[in-house]
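Text of my_file01.cif (mmCIF, C-alpha atoms and all ligand atoms) as supplied:
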data_work
loop_
_atom_site.label_atom_id
_atom_site.label_comp_id
_atom_site.auth_asym_id
_atom_site.auth_seq_id
_atom_site.Cartn_x
_atom_site.Cartn_y
_atom_site.Cartn_z
CA MET A 1 -6.01 -25.27 3.94
CA LEU A 2 -6.52 -21.58 3.09
CA ALA A 3 -7.43 -20.68 -0.47
CA GLY A 4 -5.13 -18.45 -2.58
CA PRO A 5 -6.11 -15.55 -4.85
CA SER A 6 -9.39 -15.94 -6.65
CA VAL A 7 -12.19 -13.92 -8.19
CA ARG A 8 -14.79 -13.02 -5.58
CA ASP A 9 -18.07 -11.17 -5.77
CA VAL A 10 -18.49 -9.16 -2.60
CA VAL A 11 -21.31 -7.05 -1.20
CA VAL A 12 -20.80 -3.49 0.05
CA LEU A 13 -21.65 -3.04 3.74
CA ASP A 14 -20.77 0.59 4.41
CA ARG A 15 -19.37 3.73 2.82
CA THR A 16 -17.85 6.76 4.56
CA GLU A 17 -16.35 9.87 2.99
CA LEU A 18 -13.35 10.64 5.21
CA ALA A 19 -12.40 13.84 3.32
CA PRO A 20 -13.50 15.33 0.02
CA GLY A 21 -12.79 12.57 -2.52
CA VAL A 22 -11.43 10.09 0.04
CA VAL A 23 -13.71 7.08 0.50
CA LEU A 24 -13.68 4.19 2.98
CA LEU A 25 -15.68 1.29 1.53
CA GLY A 26 -16.43 -1.75 3.71
CA PHE A 27 -17.63 -5.03 2.24
CA TYR A 28 -18.58 -8.54 3.34
CA ALA A 29 -15.69 -10.85 2.45
CA PRO A 30 -14.88 -13.45 5.14
CA GLU A 31 -12.90 -15.65 2.73
CA LEU A 32 -10.72 -12.73 1.65
CA VAL A 33 -10.14 -11.73 5.27
CA ALA A 34 -9.04 -15.29 6.10
CA VAL A 35 -6.22 -15.33 3.52
CA THR A 36 -5.09 -11.67 3.44
CA ARG A 37 -1.57 -10.72 4.57
CA PRO A 38 -0.54 -7.12 5.37
CA GLY A 39 0.58 -5.24 2.24
CA GLN A 40 -1.39 -7.34 -0.24
CA PHE A 41 -3.85 -5.84 -2.72
CA VAL A 42 -6.79 -6.80 -4.93
CA MET A 43 -7.75 -5.88 -8.48
CA ALA A 44 -11.27 -4.41 -8.26
CA VAL A 45 -13.56 -4.20 -11.26
CA PRO A 46 -15.63 -1.00 -11.20
CA PRO A 47 -19.39 -1.55 -10.96
CA GLY A 48 -20.18 -1.10 -14.67
CA GLY A 49 -17.69 -3.85 -15.48
CA GLU A 50 -16.66 -1.98 -18.61
CA ARG A 51 -13.39 -0.54 -17.37
CA ALA A 52 -10.12 -2.32 -16.52
CA ALA A 53 -9.72 -3.39 -12.91
CA THR A 54 -7.86 -1.10 -10.53
CA ALA A 55 -5.38 -2.02 -7.81
CA LEU A 56 -6.45 -1.28 -4.24
CA ALA A 57 -4.75 -2.19 -0.98
CA ILE A 58 -6.72 -4.12 1.59
CA TYR A 59 -7.11 -1.56 4.38
CA GLU A 60 -9.03 -3.40 7.09
CA ALA A 61 -9.52 -7.16 7.34
CA GLN A 62 -11.28 -8.41 10.41
CA GLY A 63 -13.93 -11.07 10.94
CA GLU A 64 -16.27 -10.98 7.98
CA ARG A 65 -15.50 -7.45 6.82
CA ALA A 66 -12.69 -6.00 4.72
CA SER A 67 -12.38 -2.46 3.38
CA PHE A 68 -10.66 -0.19 0.87
CA LEU A 69 -9.57 3.37 1.52
CA PHE A 70 -9.19 5.17 -1.78
CA PHE A 71 -8.66 8.60 -3.26
CA VAL A 72 -10.94 9.46 -6.18
CA CYS A 73 -8.53 10.42 -8.95
CA GLY A 74 -9.93 9.02 -12.21
CA ALA A 75 -12.78 7.17 -13.88
CA ARG A 76 -12.42 3.85 -12.02
CA THR A 77 -12.17 5.25 -8.51
CA ARG A 78 -15.05 7.60 -9.36
CA GLU A 79 -17.23 4.60 -10.22
CA LEU A 80 -16.16 2.75 -7.09
CA ALA A 81 -17.01 5.84 -5.02
CA GLU A 82 -20.61 5.61 -6.21
CA LEU A 83 -21.15 2.19 -4.60
CA ARG A 84 -23.61 2.02 -1.73
CA HIS A 85 -24.79 -0.56 0.85
CA GLY A 86 -25.96 -3.75 -0.90
CA ASP A 87 -24.13 -3.10 -4.20
CA LYS A 88 -21.95 -5.87 -5.60
CA LEU A 89 -18.31 -5.65 -6.61
CA SER A 90 -15.98 -8.15 -8.27
CA LEU A 91 -12.44 -8.58 -6.88
CA THR A 92 -9.40 -10.69 -7.76
CA GLY A 93 -7.11 -11.31 -4.83
CA PRO A 94 -5.44 -11.19 -2.49
CA LEU A 95 -2.43 -10.57 -4.76
CA GLY A 96 1.29 -9.91 -4.36
CA ASN A 97 3.77 -10.25 -1.54
CA GLY A 98 3.10 -8.40 1.66
CA PHE A 99 5.34 -6.95 4.37
CA THR A 100 7.46 -9.26 6.54
CA PHE A 101 8.19 -8.09 10.07
CA ALA A 102 8.45 -11.14 12.36
CA GLY A 103 10.57 -10.34 15.41
CA ALA A 104 10.70 -6.55 14.84
CA ARG A 105 10.46 -4.62 18.14
CA ASP A 106 10.61 -0.95 17.11
CA VAL A 107 9.12 -0.18 13.72
CA ALA A 108 8.79 3.11 11.85
CA ILE A 109 5.96 3.06 9.31
CA VAL A 110 6.18 5.81 6.72
CA ALA A 111 3.00 6.62 4.77
CA GLY A 112 2.41 9.32 2.20
CA GLY A 113 -1.06 10.25 0.91
CA VAL A 114 -2.96 7.19 -0.25
CA GLY A 115 -0.07 5.00 0.95
CA ILE A 116 -1.86 5.00 4.32
CA ALA A 117 -4.21 2.36 2.85
CA SER A 118 -1.45 -0.29 2.86
CA VAL A 119 -0.17 0.16 6.40
CA LEU A 120 -3.06 -0.27 8.84
CA LEU A 121 -2.87 -4.08 8.86
CA PRO A 122 0.90 -4.26 9.54
CA ALA A 123 0.55 -1.54 12.20
CA GLN A 124 -2.19 -3.47 14.01
CA MET A 125 -0.34 -6.79 13.82
CA LEU A 126 2.91 -5.27 15.06
CA VAL A 127 1.23 -3.59 18.05
CA GLU A 128 -0.56 -6.85 18.87
CA ALA A 129 2.83 -8.61 18.79
CA GLY A 130 4.14 -6.11 21.37
CA ALA A 131 6.25 -3.91 19.06
CA ARG A 132 6.58 -0.15 19.35
CA VAL A 133 5.08 1.36 16.18
CA ARG A 134 5.65 4.95 15.09
CA LEU A 135 3.55 6.13 12.14
CA PHE A 136 5.25 8.86 10.11
CA TYR A 137 2.33 10.18 8.08
CA GLY A 138 2.59 12.91 5.48
CA ALA A 139 0.06 14.56 3.14
CA ARG A 140 -0.50 17.84 1.37
CA SER A 141 -2.70 19.25 4.18
CA VAL A 142 -4.43 18.20 7.41
CA ASP A 143 -7.64 17.30 5.52
CA PHE A 144 -5.77 14.52 3.74
CA LEU A 145 -4.17 13.05 6.84
CA VAL A 146 -7.20 10.78 7.09
CA ASP A 147 -8.20 8.25 9.74
CA ARG A 148 -5.41 9.20 12.15
CA ASP A 149 -7.55 8.28 15.17
CA ARG A 150 -7.74 4.67 14.04
CA PHE A 151 -3.95 4.38 14.13
CA ALA A 152 -3.73 6.14 17.50
CA THR A 153 -6.44 3.85 18.93
CA ALA A 154 -4.54 0.84 17.58
CA GLY A 155 -1.58 1.91 19.72
CA CYS A 156 0.67 3.72 17.21
CA GLU A 157 2.64 6.87 18.05
CA LEU A 158 1.88 9.48 15.37
CA CYS A 159 4.33 11.92 13.76
CA CYS A 160 2.69 14.03 11.04
CA ALA A 161 3.91 16.35 8.30
CA THR A 162 2.00 18.48 5.80
CA ASN A 163 3.17 20.44 2.77
CA ASP A 164 1.28 23.54 3.92
CA GLY A 165 2.06 23.25 7.63
CA SER A 166 -1.63 22.81 8.58
CA LEU A 167 -0.64 19.97 10.96
CA GLY A 168 2.70 18.86 12.33
CA HIS A 169 5.99 19.50 10.57
CA ARG A 170 5.82 21.73 7.49
CA GLY A 171 7.66 19.77 4.84
CA PHE A 172 8.37 16.15 3.95
CA ILE A 173 7.59 13.29 6.29
CA THR A 174 10.99 11.77 5.55
CA GLU A 175 12.60 14.81 7.21
CA LEU A 176 10.88 13.79 10.46
CA LEU A 177 12.05 10.20 10.01
CA ALA A 178 15.64 11.36 9.52
CA ALA A 179 15.42 13.56 12.65
CA ALA A 180 13.85 10.91 14.93
CA GLU A 181 15.80 10.47 18.14
CA ASP A 182 15.41 6.70 18.51
CA LYS A 183 16.52 4.57 15.63
CA PRO A 184 13.90 1.93 14.67
CA ASP A 185 15.01 -1.61 13.87
CA LEU A 186 12.78 -1.79 10.77
CA ILE A 187 11.13 0.68 8.40
CA LEU A 188 7.99 -0.10 6.35
CA ALA A 189 6.82 2.46 3.79
CA CYS A 190 4.10 3.08 1.21
CA GLY A 191 3.49 6.22 -0.81
CA PRO A 192 4.51 8.06 -3.95
CA SER A 193 7.86 7.19 -5.56
CA PRO A 194 9.75 10.34 -4.47
CA MET A 195 8.78 9.63 -0.85
CA LEU A 196 9.84 5.99 -1.17
CA ARG A 197 13.19 6.97 -2.69
CA ALA A 198 13.76 9.47 0.13
CA THR A 199 12.80 6.79 2.67
CA ALA A 200 15.30 4.38 1.11
CA PHE A 201 17.99 7.06 1.38
CA VAL A 202 17.23 7.82 5.04
CA ALA A 203 17.08 4.09 5.87
CA SER A 204 20.48 3.53 4.32
CA GLU A 205 21.96 6.53 6.19
CA LEU A 206 20.55 5.17 9.46
CA GLY A 207 21.64 1.62 8.64
CA VAL A 208 18.07 0.33 9.12
CA PRO A 209 16.48 -2.22 6.75
CA ALA A 210 13.42 -0.91 4.91
CA GLN A 211 10.60 -2.52 2.96
CA LEU A 212 8.84 -0.38 0.39
CA ALA A 213 5.35 -1.03 -1.03
CA LEU A 214 5.50 0.44 -4.53
CA GLU A 215 2.55 2.20 -6.16
CA GLU A 216 3.43 1.53 -9.80
CA ALA A 217 0.58 1.90 -12.33
CA PHE A 218 -0.77 -1.58 -13.16
CA ALA A 219 -2.38 -2.92 -16.32
CA CYS A 220 -3.26 -6.60 -15.72
CA GLY A 221 -2.18 -6.67 -12.05
CA VAL A 222 -1.61 -10.44 -12.13
CA GLY A 223 1.83 -10.85 -13.69
CA GLY A 224 0.80 -11.34 -17.32
CA CYS A 225 1.84 -8.18 -19.20
CA TRP A 226 5.23 -7.17 -17.65
CA GLY A 227 4.02 -3.56 -17.78
CA CYS A 228 4.94 -2.74 -14.17
CA VAL A 229 8.59 -3.80 -13.86
CA VAL A 230 11.33 -2.34 -11.65
CA PRO A 231 15.04 -3.24 -11.68
CA LEU A 232 15.89 -5.57 -8.79
CA ASP A 233 19.13 -7.20 -7.64
CA ARG A 234 19.50 -10.50 -9.43
CA ALA A 235 20.49 -12.09 -6.11
CA SER A 236 17.21 -11.06 -4.45
CA PRO A 237 15.03 -14.00 -3.37
CA GLN A 238 12.19 -12.07 -5.06
CA ALA A 239 13.97 -11.93 -8.45
CA PRO A 240 11.92 -13.74 -11.10
CA LYS A 241 13.62 -16.79 -12.60
CA PHE A 242 12.58 -15.83 -16.11
CA PRO A 243 12.92 -14.17 -18.55
CA LYS A 244 16.72 -14.58 -18.38
CA PRO A 245 18.54 -11.27 -17.81
CA ALA A 246 20.09 -9.96 -21.02
CA GLY A 247 23.52 -8.97 -19.69
CA ASP A 248 25.63 -9.45 -16.61
CA ASP A 249 24.76 -6.13 -15.02
CA GLY A 250 23.58 -7.53 -11.73
CA PHE A 251 19.85 -6.87 -11.99
CA VAL A 252 16.68 -8.35 -13.41
CA TYR A 253 13.30 -6.79 -14.00
CA ALA A 254 10.71 -7.77 -11.41
CA ARG A 255 6.98 -7.25 -11.72
CA VAL A 256 5.63 -5.00 -9.00
CA CYS A 257 2.25 -6.77 -9.13
CA LYS A 258 3.69 -10.30 -8.93
CA GLU A 259 7.09 -10.26 -7.20
CA GLY A 260 6.09 -7.11 -5.22
CA PRO A 261 4.48 -4.76 -4.45
CA VAL A 262 6.72 -4.91 -1.34
CA PHE A 263 10.50 -4.99 -1.92
CA TRP A 264 13.55 -4.50 0.30
CA ALA A 265 14.84 -1.00 -0.41
CA HIS A 266 18.48 -2.15 -0.66
CA GLU A 267 17.58 -4.64 -3.40
CA LEU A 268 15.94 -2.11 -5.72
CA ARG A 269 18.20 -0.66 -8.46
CA TRP A 270 16.44 2.67 -8.94
C1 LIG B 301 -0.47 -2.19 -5.35
C2 LIG B 301 -1.29 -0.93 -5.45
C3 LIG B 301 -2.19 -0.64 -4.44
C4 LIG B 301 -2.95 0.55 -4.53
N1 LIG B 301 -3.80 0.80 -3.50
C5 LIG B 301 -4.53 1.93 -3.54
C6 LIG B 301 -5.43 2.22 -2.48
O1 LIG B 301 -5.57 1.45 -1.54
N2 LIG B 301 -6.15 3.38 -2.56
C7 LIG B 301 -6.01 4.25 -3.63
O2 LIG B 301 -6.66 5.31 -3.63
N3 LIG B 301 -5.20 4.00 -4.66
C8 LIG B 301 -4.45 2.86 -4.63
N4 LIG B 301 -3.62 2.58 -5.67
C9 LIG B 301 -3.56 3.49 -6.83
C10 LIG B 301 -4.74 3.21 -7.78
O3 LIG B 301 -4.68 1.87 -8.23
C11 LIG B 301 -4.59 4.15 -9.01
O4 LIG B 301 -4.67 5.48 -8.58
C12 LIG B 301 -5.64 3.86 -10.09
O5 LIG B 301 -5.04 4.15 -11.33
C13 LIG B 301 -6.92 4.68 -9.99
O6 LIG B 301 -7.71 4.43 -11.14
P1 LIG B 301 -8.59 5.58 -11.82
O7 LIG B 301 -9.16 5.03 -13.08
O8 LIG B 301 -9.55 6.11 -10.82
O9 LIG B 301 -7.56 6.72 -12.13
P2 LIG B 301 -6.59 6.83 -13.39
O10 LIG B 301 -7.32 7.41 -14.53
O11 LIG B 301 -5.88 5.51 -13.58
O12 LIG B 301 -5.52 7.87 -12.83
C14 LIG B 301 -5.87 9.19 -12.46
C15 LIG B 301 -4.60 9.95 -12.10
O13 LIG B 301 -3.81 9.27 -11.11
C16 LIG B 301 -2.50 8.98 -11.63
N5 LIG B 301 -2.13 7.62 -11.23
C17 LIG B 301 -2.61 6.47 -11.70
N6 LIG B 301 -2.06 5.41 -11.10
C18 LIG B 301 -1.19 5.92 -10.21
C19 LIG B 301 -0.31 5.34 -9.27
N7 LIG B 301 -0.21 4.02 -9.11
N8 LIG B 301 0.43 6.15 -8.49
C20 LIG B 301 0.34 7.48 -8.63
N9 LIG B 301 -0.48 8.10 -9.50
C21 LIG B 301 -1.23 7.32 -10.28
C22 LIG B 301 -2.63 9.09 -13.12
O14 LIG B 301 -1.38 9.46 -13.70
C23 LIG B 301 -3.68 10.14 -13.28
O15 LIG B 301 -3.12 11.43 -13.17
C24 LIG B 301 -2.82 1.42 -5.62
C25 LIG B 301 -1.94 1.11 -6.66
C26 LIG B 301 -1.18 -0.05 -6.56
C27 LIG B 301 -0.24 -0.39 -7.67
S1 LIG B 302 0.57 -5.09 -14.37
FE1 LIG B 302 0.74 -6.74 -15.81
S2 LIG B 302 2.52 -7.76 -15.09
FE2 LIG B 302 2.20 -6.25 -13.57
#
Using structure tokens, write down the structure from this file.
Amino acid sequence: MLAGPSVRDVVVLDRTELAPGVVLLGFYAPELVAVTRPGQFVMAVPPGGERAATALAIYEAQGERASFLFFVCGARTRELAELRHGDKLSLTGPLGNGFTFAGARDVAIVAGGVGIASVLLPAQMLVEAGARVRLFYGARSVDFLVDRDRFATAGCELCCATNDGSLGHRGFITELLAAAEDKPDLILACGPSPMLRATAFVASELGVPAQLALEEAFACGVGGCWGCVVPLDRASPQAPKFPKPAGDDGFVYARVCKEGPVFWAHELRW
């Protein structure tokens, strides 16, 4: 039987800077690879061990190696970016619910900025299962549309957008999704909240179900503090059974770290 989430000490194997302040960090973690599902994350304790853990998606998971792809934006990611081959790192995970896509044949994956880190595993699994996968990838400029070749090599069709027009459509990636000629049968998305809300809107206009991986700020990351909640339809299978909802207004608060981070767009009450 496969083990569930647990605390693991892992050893860094490789480090690549894909763009200024964007780091790909590979580490030896065969047990994590064996139990990871696409869309799950870990809580990583920075090397000094003095700061709170930070949530990171599992980017690659193959054989004995897993990796993170992260943007250096604060103290914890700065510390993680200093790790080198042979350094040790403590992780709790894998955590949360991942994407579900069994049977999907034509999937649009929408990724904005660092959201790309959550979508490589589902893209690879979908292509392996014979699905058509279009990656709609948006960022502020071409420099931050990182690791595109990996998705192309995996068999994805790429549609890109940048805020400054340095590659692809100038504007929002959701505008390309809305204008796509062929309607997908499923949409998966990860990125900043405005992009996810726009994706949910486009999905509902197209009549296509969408799953969104939320990037809420986490404190504990393991369901203990209720600091990361979003309103969710009470009827959702992901709705927590407790605490009891206060009124009869049709929603409950769900923890992004525990019941999510992936939710059906039509079940979120944003
Ligand atoms: C489930 C999940 C998976 C994630 N996976 C990745 C990943 O694979 N790669 C990656 O680079 N980041 C990822 N993140 C975001 C990452 O956890 C945060 O950016 C984290 O706060 C960085 O810690 P820090 O101490 O370096 O920066 P902080 O000091 O915490 O933050 C620096 C700046 O980023 C902003 N910020 C913090 N958290 C978020 C957030 N969640 N969304 C948007 N802005 C935020 C802050 O407001 C601040 O301006 C993920 C978050 C979640 C919830
Ligand atoms: S971050 Fe503590 S419950 Fe989600």
So that I can see what lies close to Arg65 (chain A), please list as a list in words the residues with an atom at most 10 Å from it, counting only C-alpha atoms and leaving out residues fewer than 4 positions away in the same chain.
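Contacts, with the query itself left out: Val11, Val12, Leu13, Asp14, Gly26, Phe27, Tyr28, Ala29, Pro30, Glu31, Leu32, Val33, Glu60 and Ala61 of chain A.
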Can you list every residue of chain A that has an atom at most 10 Å from ligand LIG 302 (chain B), with its nearest atom pair and the distance in Å to one decimal, using all atoms listed in the file, ordered by chain then number, as a Markdown table?
| residue | atom | partner | partner_atom | distance |
| --- | --- | --- | --- | --- |
| A:Ala55 | CA | B:LIG302 | S1 | 9.4 |
| A:Gly96 | CA | B:LIG302 | FE2 | 10.0 |
| A:Glu216 | CA | B:LIG302 | S1 | 8.5 |
| A:Ala217 | CA | B:LIG302 | S1 | 7.3 |
| A:Phe218 | CA | B:LIG302 | S1 | 3.9 |
| A:Ala219 | CA | B:LIG302 | S1 | 4.1 |
| A:Cys220 | CA | B:LIG302 | FE1 | 4.0 |
| A:Gly221 | CA | B:LIG302 | S1 | 3.9 |
| A:Val222 | CA | B:LIG302 | FE1 | 5.7 |
| A:Gly223 | CA | B:LIG302 | S2 | 3.5 |
| A:Gly224 | CA | B:LIG302 | S2 | 4.6 |
| A:Cys225 | CA | B:LIG302 | FE1 | 3.8 |
| A:Trp226 | CA | B:LIG302 | S2 | 3.8 |
| A:Gly227 | CA | B:LIG302 | FE1 | 5.0 |
| A:Cys228 | CA | B:LIG302 | FE2 | 4.5 |
| A:Val229 | CA | B:LIG302 | FE2 | 6.8 |
| A:Ala254 | CA | B:LIG302 | FE2 | 8.9 |
| A:Arg255 | CA | B:LIG302 | FE2 | 5.2 |
| A:Val256 | CA | B:LIG302 | FE2 | 5.8 |
| A:Cys257 | CA | B:LIG302 | FE2 | 4.5 |
| A:Lys258 | CA | B:LIG302 | FE2 | 6.3 |
| A:Glu259 | CA | B:LIG302 | FE2 | 9.0 |
| A:Gly260 | CA | B:LIG302 | FE2 | 9.3 |
| A:Pro261 | CA | B:LIG302 | FE2 | 9.5 |
The selected residues should be written to file as a PDB file, keeping the file's coordinate frame (atoms: C-alpha atoms).
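Written file, again_5.pdb:
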ATOM      1  CA  ALA A  55      -5.380  -2.020  -7.810  1.00  0.00           C
ATOM      2  CA  GLY A  96       1.290  -9.910  -4.360  1.00  0.00           C
ATOM      3  CA  GLU A 216       3.430   1.530  -9.800  1.00  0.00           C
ATOM      4  CA  ALA A 217       0.580   1.900 -12.330  1.00  0.00           C
ATOM      5  CA  PHE A 218      -0.770  -1.580 -13.160  1.00  0.00           C
ATOM      6  CA  ALA A 219      -2.380  -2.920 -16.320  1.00  0.00           C
ATOM      7  CA  CYS A 220      -3.260  -6.600 -15.720  1.00  0.00           C
ATOM      8  CA  GLY A 221      -2.180  -6.670 -12.050  1.00  0.00           C
ATOM      9  CA  VAL A 222      -1.610 -10.440 -12.130  1.00  0.00           C
ATOM     10  CA  GLY A 223       1.830 -10.850 -13.690  1.00  0.00           C
ATOM     11  CA  GLY A 224       0.800 -11.340 -17.320  1.00  0.00           C
ATOM     12  CA  CYS A 225       1.840  -8.180 -19.200  1.00  0.00           C
ATOM     13  CA  TRP A 226       5.230  -7.170 -17.650  1.00  0.00           C
ATOM     14  CA  GLY A 227       4.020  -3.560 -17.780  1.00  0.00           C
ATOM     15  CA  CYS A 228       4.940  -2.740 -14.170  1.00  0.00           C
ATOM     16  CA  VAL A 229       8.590  -3.800 -13.860  1.00  0.00           C
ATOM     17  CA  ALA A 254      10.710  -7.770 -11.410  1.00  0.00           C
ATOM     18  CA  ARG A 255       6.980  -7.250 -11.720  1.00  0.00           C
ATOM     19  CA  VAL A 256       5.630  -5.000  -9.000  1.00  0.00           C
ATOM     20  CA  CYS A 257       2.250  -6.770  -9.130  1.00  0.00           C
ATOM     21  CA  LYS A 258       3.690 -10.300  -8.930  1.00  0.00           C
ATOM     22  CA  GLU A 259       7.090 -10.260  -7.200  1.00  0.00           C
ATOM     23  CA  GLY A 260       6.090  -7.110  -5.220  1.00  0.00           C
ATOM     24  CA  PRO A 261       4.480  -4.760  -4.450  1.00  0.00           C
TER      25      PRO A 261
END
Which residue gives the smallest distance to Phe41 (chain A) among A:Leu95, A:Leu18, A:Leu25, A:Ala108, with all atoms listed in the file counted?
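For Phe41 (chain A), the nearest of the candidates is A:Leu95.
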Neighbour list for His266 (chain A) as number ranges by chain, cut-off 10 Å, all atoms listed in the file, skip fewer than 5 positions in-chain:
A: 200-201, 203-204, 209-212, 232-233, 236
Within 6 Å of (7.5, -3.0, 16.5) in the file's own coordinates, which protein, DNA or RNA residues have an atom, counting only C-alpha atoms? List them as a PyMOL selection string.
chain A and resi 104-107+126+131-133
Under the rule that only C-alpha atoms are counted, which of A:Leu121, A:Val114, A:Val127, A:Ala152 is the nearest residue to Arg140 (chain A)?
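The answer is A:Val114, which sits nearest to Arg140 (chain A).
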Quick check, in Å to one decimal: how far apart do CA of Thr77 (chain A) and CA of Pro38 (chain A) lie?
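Taking CA of Thr77 (chain A) as the start and CA of Pro38 (chain A) as the end point, the length is 21.9 Å.
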As a PyMOL selection string, please: every protein or nucleic acid residue near ligand LIG 301 (chain B) (cut-off 7 Å, counting all atoms listed in the file).
chain A and resi 41+54-59+68-78+114-115+117-118+192+214-218+257+261
When you draw a straight line from CA of Pro231 (chain A) to CA of Ile173 (chain A), how long is it in Å?
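Calculated distance between CA of Pro231 (chain A) and CA of Ile173 (chain A) is 25.5 Å.
Of note, CA of Gly93 (chain A) and CA of Pro46 (chain A) are spaced 14.8 Å apart.
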Point out the residue among A:Gly39, A:Pro240, A:Gly165, A:Pro47 with the least atom-to-atom distance to Ala81 (chain A), counting only C-alpha atoms.
A:Pro47
Looking at A:Arg15, A:Ala111, A:Ala102, A:Asp249, which one is nearest to Asp185 (chain A), with distances taken over all atoms listed in the file?
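So, comparing all the options, the nearest one is A:Ala102.
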Measuring between all atoms listed in the file, which one of A:Met195, A:Leu188, A:Val119, A:Ala44 shows the shortest distance to Gly138 (chain A)?
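Looking at the shortest contact to Gly138 (chain A), the residue is A:Met195.
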